[in-house]
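my_file12.tsv (TSV, C-alpha atoms) appears below.
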chain	number	residue	atom	x	y	z
A	1	MET	CA	95.65	88.48	116.96
A	2	ALA	CA	99.41	88.02	117.06
A	3	VAL	CA	99.99	90.19	114.00
A	4	LYS	CA	97.97	93.06	115.47
A	5	HIS	CA	100.18	93.28	118.55
A	6	LEU	CA	103.46	92.95	116.66
A	7	VAL	CA	102.82	96.43	115.28
A	8	THR	CA	103.44	98.02	118.69
A	9	MET	CA	106.59	96.02	119.36
A	10	PHE	CA	108.62	96.23	116.20
A	11	PRO	CA	110.23	99.10	114.28
A	12	LEU	CA	108.14	101.54	112.22
A	13	THR	CA	108.94	99.74	108.98
A	14	THR	CA	107.43	96.54	110.37
A	15	ALA	CA	104.35	98.41	111.56
A	16	ARG	CA	103.90	99.80	108.06
A	17	PHE	CA	104.25	96.31	106.62
A	18	PHE	CA	101.43	95.00	108.79
A	19	SER	CA	99.25	98.03	108.00
A	20	ILE	CA	99.70	97.39	104.29
A	21	SER	CA	99.05	93.67	104.78
A	22	ALA	CA	95.78	94.46	106.57
A	23	ALA	CA	94.64	96.57	103.63
A	24	LEU	CA	95.62	93.94	101.08
A	25	SER	CA	93.74	91.28	103.03
A	26	ILE	CA	90.47	92.96	101.93
A	27	LYS	CA	90.59	91.61	98.40
A	28	LYS	CA	87.87	91.72	95.81
A	29	PRO	CA	86.36	88.25	95.51
A	30	VAL	CA	86.80	86.48	92.18
A	31	PHE	CA	83.72	84.87	90.62
A	32	HIS	CA	83.91	82.49	87.68
A	33	GLY	CA	87.52	83.52	87.12
A	34	ASP	CA	86.70	87.22	86.87
A	35	LEU	CA	86.60	90.28	89.11
A	36	PRO	CA	83.60	92.60	89.41
A	37	PRO	CA	83.77	95.55	87.00
A	38	LYS	CA	85.75	98.52	88.29
A	39	LYS	CA	83.96	101.84	88.61
A	40	PRO	CA	85.54	104.48	86.35
A	41	GLY	CA	87.36	107.47	87.79
A	42	SER	CA	85.81	110.94	87.75
A	43	SER	CA	86.19	113.39	84.89
A	44	TYR	CA	88.99	115.02	86.89
A	45	ALA	CA	90.77	111.66	87.26
A	46	ILE	CA	90.44	111.03	83.53
A	47	PHE	CA	91.99	114.43	82.82
A	48	ILE	CA	94.93	113.80	85.18
A	49	LYS	CA	95.57	110.33	83.75
A	50	GLU	CA	95.50	111.59	80.17
A	51	MET	CA	97.92	114.42	80.92
A	52	PHE	CA	100.35	112.06	82.65
A	53	GLN	CA	100.22	109.65	79.73
A	54	ASN	CA	100.83	112.42	77.24
A	55	ASP	CA	103.93	113.87	78.89
A	56	GLY	CA	105.35	110.67	80.43
A	57	THR	CA	105.79	112.35	83.82
A	58	LEU	CA	105.39	109.14	85.82
A	59	SER	CA	108.61	107.71	84.39
A	60	LYS	CA	110.72	110.72	85.44
A	61	GLY	CA	112.71	111.11	88.66
A	62	LYS	CA	113.08	114.16	90.88
A	63	ASP	CA	113.44	117.87	90.14
A	64	THR	CA	116.22	120.20	91.33
A	65	HIS	CA	114.43	120.69	94.65
A	66	GLY	CA	114.34	116.97	95.41
A	67	GLU	CA	110.60	116.65	94.84
A	68	ARG	CA	109.37	113.89	92.59
A	69	ILE	CA	108.51	115.37	89.21
A	70	ALA	CA	105.27	113.38	89.12
A	71	VAL	CA	104.15	115.02	92.40
A	72	SER	CA	105.08	118.47	91.13
A	73	ARG	CA	103.27	117.85	87.85
A	74	PHE	CA	100.18	116.59	89.68
A	75	LYS	CA	99.98	119.86	91.63
A	76	GLN	CA	100.23	121.82	88.37
A	77	LEU	CA	97.50	119.75	86.73
A	78	SER	CA	95.21	120.15	89.76
A	79	GLU	CA	95.51	123.92	89.51
A	80	MET	CA	95.01	123.74	85.75
A	81	TRP	CA	91.77	121.77	86.22
A	82	LYS	CA	90.45	124.33	88.69
A	83	GLU	CA	91.05	127.13	86.20
A	84	MET	CA	89.47	125.35	83.22
A	85	SER	CA	86.08	126.51	82.02
A	86	ASP	CA	83.06	124.18	81.89
A	87	ALA	CA	83.46	124.04	78.11
A	88	GLU	CA	87.09	122.90	78.45
A	89	LYS	CA	86.10	120.26	80.98
A	90	GLN	CA	83.20	119.00	78.88
A	91	PRO	CA	85.18	116.39	76.85
A	92	TYR	CA	86.26	114.73	80.08
A	93	VAL	CA	82.79	114.97	81.58
A	94	SER	CA	81.35	113.34	78.47
A	95	ARG	CA	83.95	110.59	78.53
A	96	TYR	CA	83.17	109.91	82.18
A	97	SER	CA	79.44	109.68	81.41
A	98	GLN	CA	80.16	107.19	78.64
A	99	LEU	CA	82.45	105.07	80.81
A	100	LYS	CA	79.96	105.15	83.68
A	101	ALA	CA	77.14	103.95	81.40
A	102	GLU	CA	79.36	101.10	80.15
A	103	TYR	CA	80.27	100.26	83.74
A	104	GLU	CA	76.61	100.09	84.83
A	105	THR	CA	75.80	97.75	81.94
A	106	GLU	CA	78.77	95.47	82.69
A	107	LYS	CA	77.97	95.50	86.41
A	108	ASP	CA	74.35	94.45	85.83
A	109	LEU	CA	75.42	91.60	83.55
A	110	PHE	CA	78.13	90.50	85.99
A	111	PHE	CA	75.94	90.36	89.09
A	112	LYS	CA	73.04	88.64	87.29
A	113	GLN	CA	75.21	85.54	86.87
A	114	LEU	CA	76.03	85.29	90.59
A	115	THR	CA	74.32	82.88	92.95
A	116	GLU	CA	72.77	84.02	96.22
A	117	THR	CA	75.81	82.77	98.15
A	118	GLU	CA	78.19	84.64	95.84
A	119	MET	CA	76.18	87.83	96.25
A	120	LYS	CA	76.43	87.53	100.04
A	121	THR	CA	80.20	87.08	99.69
A	122	TYR	CA	80.44	90.26	97.64
A	123	GLU	CA	78.22	92.20	100.05
A	124	THR	CA	80.47	91.13	102.94
A	125	TYR	CA	83.52	92.34	101.01
A	126	THR	CA	81.80	95.66	100.28
A	127	LYS	CA	80.99	96.25	103.95
A	128	LYS	CA	84.54	95.44	105.04
A	129	ASN	CA	86.01	97.69	102.37
A	130	GLN	CA	83.71	100.59	103.28
A	131	LYS	CA	84.58	100.19	106.97
A	132	TYR	CA	88.31	100.12	106.18
A	133	ARG	CA	88.08	103.27	104.05
A	134	PHE	CA	86.00	105.04	106.69
A	135	ILE	CA	88.55	104.22	109.40
A	136	GLN	CA	91.40	105.42	107.19
A	137	LYS	CA	89.51	108.69	106.63
A	138	LEU	CA	89.05	109.18	110.37
A	139	LYS	CA	92.72	108.44	110.99
A	140	LYS	CA	93.76	110.97	108.37
A	141	GLU	CA	91.54	113.59	110.00
A	142	GLY	CA	92.83	112.67	113.45
A	143	ASN	CA	89.34	111.65	114.61
A	144	TYR	CA	89.84	107.90	115.00
A	145	ASP	CA	89.35	106.95	118.65
A	146	PRO	CA	87.81	103.47	118.91
A	147	CYS	CA	86.89	101.82	122.18
A	148	PRO	CA	90.01	99.84	123.21
A	149	ARG	CA	89.85	96.08	122.99
A	150	PRO	CA	90.57	94.00	126.08
A	151	VAL	CA	94.27	93.27	126.64
A	152	THR	CA	95.10	89.64	127.42
A	153	GLY	CA	97.81	88.09	129.54
A	154	TYR	CA	99.30	86.71	126.36
A	155	ASN	CA	99.56	90.24	124.94
A	156	VAL	CA	101.33	91.50	128.05
A	157	TYR	CA	103.76	88.57	128.10
A	158	ILE	CA	104.63	88.92	124.44
A	159	LYS	CA	105.20	92.68	124.69
A	160	THR	CA	107.26	92.37	127.87
A	161	GLN	CA	109.52	89.67	126.46
A	162	MET	CA	109.87	91.21	123.01
A	163	THR	CA	110.86	94.54	124.56
A	164	LYS	CA	113.70	92.72	126.29
A	165	LYS	CA	114.76	90.63	123.32
A	166	CYS	CA	114.39	93.05	120.42
A	167	LYS	CA	117.51	95.15	119.98
A	168	PRO	CA	117.87	98.30	117.85
A	169	GLY	CA	118.66	97.31	114.29
A	170	SER	CA	117.01	93.90	114.49
A	171	THR	CA	115.86	92.74	111.07
A	172	PHE	CA	112.27	91.78	110.34
A	173	GLU	CA	113.27	88.12	110.06
A	174	GLU	CA	115.07	88.21	113.43
A	175	SER	CA	112.09	89.89	115.09
A	176	MET	CA	109.68	87.33	113.65
A	177	LEU	CA	111.88	84.48	114.87
A	178	MET	CA	111.97	85.97	118.37
A	179	PHE	CA	108.21	86.42	118.31
A	180	THR	CA	107.65	82.78	117.33
A	181	GLN	CA	109.96	81.60	120.10
A	182	THR	CA	108.26	83.86	122.65
A	183	ALA	CA	104.81	82.61	121.64
A	184	GLN	CA	106.01	79.03	122.20
A	185	GLU	CA	107.38	80.01	125.62
A	186	TRP	CA	103.94	81.34	126.60
A	187	LYS	CA	102.39	77.96	125.84
A	188	SER	CA	104.85	76.27	128.17
A	189	LEU	CA	104.03	78.51	131.16
A	190	SER	CA	101.95	77.07	133.96
A	191	THR	CA	98.51	78.45	134.82
A	192	LEU	CA	99.99	80.12	137.90
A	193	GLU	CA	102.76	81.78	135.88
A	194	LYS	CA	100.25	83.06	133.33
A	195	GLU	CA	98.00	84.46	136.04
A	196	GLN	CA	100.35	87.33	136.89
A	197	TYR	CA	100.22	88.50	133.27
A	198	ASN	CA	96.44	88.07	133.19
A	199	GLN	CA	96.17	90.35	136.21
A	200	GLN	CA	98.41	92.96	134.58
A	201	ALA	CA	96.27	92.74	131.45
A	202	LYS	CA	93.13	93.36	133.48
A	203	ILE	CA	94.62	96.50	135.05
A	204	ILE	CA	95.81	97.81	131.67
A	205	THR	CA	92.39	97.18	130.10
A	206	GLU	CA	90.59	99.01	132.90
A	207	GLN	CA	92.98	101.97	132.62
A	208	LYS	CA	92.55	102.17	128.84
A	209	LEU	CA	88.76	102.06	129.20
A	210	LEU	CA	88.84	104.75	131.87
A	211	GLU	CA	90.94	107.02	129.62
A	212	TYR	CA	88.64	106.31	126.67
A	213	TYR	CA	85.47	107.21	128.60
A	214	GLU	CA	87.12	110.36	129.94
A	215	ARG	CA	87.72	111.40	126.31
A	216	ASN	CA	84.28	110.22	125.21
A	217	PRO	CA	81.81	110.73	128.11
A	218	ASP	CA	78.87	110.21	125.72
A	219	LYS	CA	80.04	106.63	125.23
A	220	VAL	CA	79.70	105.68	128.88
A	221	GLN	CA	77.34	102.73	129.20
A	222	GLU	CA	74.60	102.95	131.78
Please express what this file holds, its structure, as structure tokens.
Amino acid sequence: MAVKHLVTMFPLTTARFFSISAALSIKKPVFHGDLPPKKPGSSYAIFIKEMFQNDGTLSKGKDTHGERIAVSRFKQLSEMWKEMSDAEKQPYVSRYSQLKAEYETEKDLFFKQLTETEMKTYETYTKKNQKYRFIQKLKKEGNYDPCPRPVTGYNVYIKTQMTKKCKPGSTFEESMLMFTQTAQEWKSLSTLEKEQYNQQAKIITEQKLLEYYERNPDKVQE
């Protein structure tokens, strides 16, 4: 919970760090010292990868306009793929079909060796990964508007204190140290002292819910 709320208090670089950490936390489970087989890329992806490997673009820097050469080359290859005939694409389509068949065989063999518990672990990972990707897609499209979670008195206290303590230019390490100290201070507060923050949290939560239901009237619960 603490990590989630640090994102709104610290500089953008820190927020990005936590976003990346959240993504990396959804790791493929390892079974018997091995990862599940990886699904091959599409015929288009195979074409792009082959072209990059052939011309060594990925190891180059930037062009005269300041754009990374790899990005510029990728745009060129994308247009090239669009203009290719079905006959020109066929070698890549065939290679994809071959890789996909090999993948299906390896996948079947891999999952046959798993126990029921291990299968449930993998299914849980799959659901989390699909949810994460779906949310990222909605965010990219600007359509991500989840129902706000309740704000706690702890959240309000931490944000209030960190806003006072964090100065422009504070390093990540300094911010983390201040957060740890502030979290310890919260524990030392009396029930009466915490109550004022709990009341503020209740008001904030109600306001966020009101704004959410105004944006999403179909979500209003009867």
What does the structure give for the distance between CA of Glu123 (chain A) and CA of Val30 (chain A), in Å to one decimal? 13.0 Å
Atomic separation - CA of Trp81 (chain A) relative to CA of Phe47 (chain A), Å: 8.1 Å
Give the answer as one residue: which of A:Ala45, A:Met80, A:Val71, A:Met162 has the shortest atom-to-atom distance to Ser175 (chain A), using all atoms listed in the file?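 Distance minimum relative to Ser175 (chain A) lands on A:Met162.
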CA of Ser43 (chain A) to CA of Tyr96 (chain A), distance in Å rounded to a single decimal: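 A separation of 5.3 Å between them.
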Would you pick out the contacts of Ser94 (chain A) at 12 Å or less, using only C-alpha atoms, so that residues sharing its chain but fewer than 4 positions from it are not included, and give the list as a ChimeraX atom specification? /A:42-44,46-47,86-90,98-101
In terms of the shortest atom-to-atom distance over all atoms listed in the file, which of A:Leu210, A:Leu35, A:Leu192, A:Ala183 is closest to Lys107 (chain A)?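 That would be A:Leu35, the residue with the smallest distance to Lys107 (chain A).
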Do you know which residues lie at most 12 Å from (78.6, 83.8, 93.1), with coordinates as in the file and only C-alpha atoms counted, and could you write them as a ChimeraX atom specification? /A:29-36,110-123
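Across A:Ala201, A:Met84, A:Val220, A:Leu77, the tightest approach to Tyr154 (chain A) is made by A:Ala201 when counting only C-alpha atoms.
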With distances taken over all atoms listed in the file, which residue among A:Lys75, A:Lys202, A:Lys82, A:Lys194 lies nearest Arg149 (chain A)?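 Going through A:Lys75, A:Lys202, A:Lys82, A:Lys194 one by one, the smallest distance to Arg149 (chain A) is for A:Lys202.
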Shell around Asp145 (chain A) at 10 Å using all atoms listed in the file, local window under 2 positions removed, as a ChimeraX atom specification: /A:135,138-139,142-143,147-148,212,215-216
Residues within 12 Å of Thr180 (chain A), only C-alpha atoms, excluding chain neighbours under 3 positions, as a PyMOL selection string: chain A and resi 2-3+6+158+161-162+173-177+183-187
Nearest to Glu106 (chain A), chosen from A:Pro37, A:Lys27, A:Phe52, A:Phe179, with all atoms listed in the file counted in the distances: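 Result for the nearest residue to Glu106 (chain A): A:Pro37.
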Taking all atoms listed in the file into account, which of A:Gln136, A:Gln207, A:Lys39, A:Tyr92 comes nearest Met51 (chain A)?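 Once distances to Met51 (chain A) are computed over all atoms listed in the file, the minimum belongs to A:Tyr92.
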Would you compute, for all listed atoms of region 169-182 of chain A, the axis-aligned bounding box grown by 3 Å on each side, and then report its centre and edge lengths in Å rounded to one decimal, as lines of an AutoDock Vina configuration file?
center_x = 113.2
center_y = 89.5
center_z = 116.4
size_x = 17.0
size_y = 21.7
size_z = 18.6
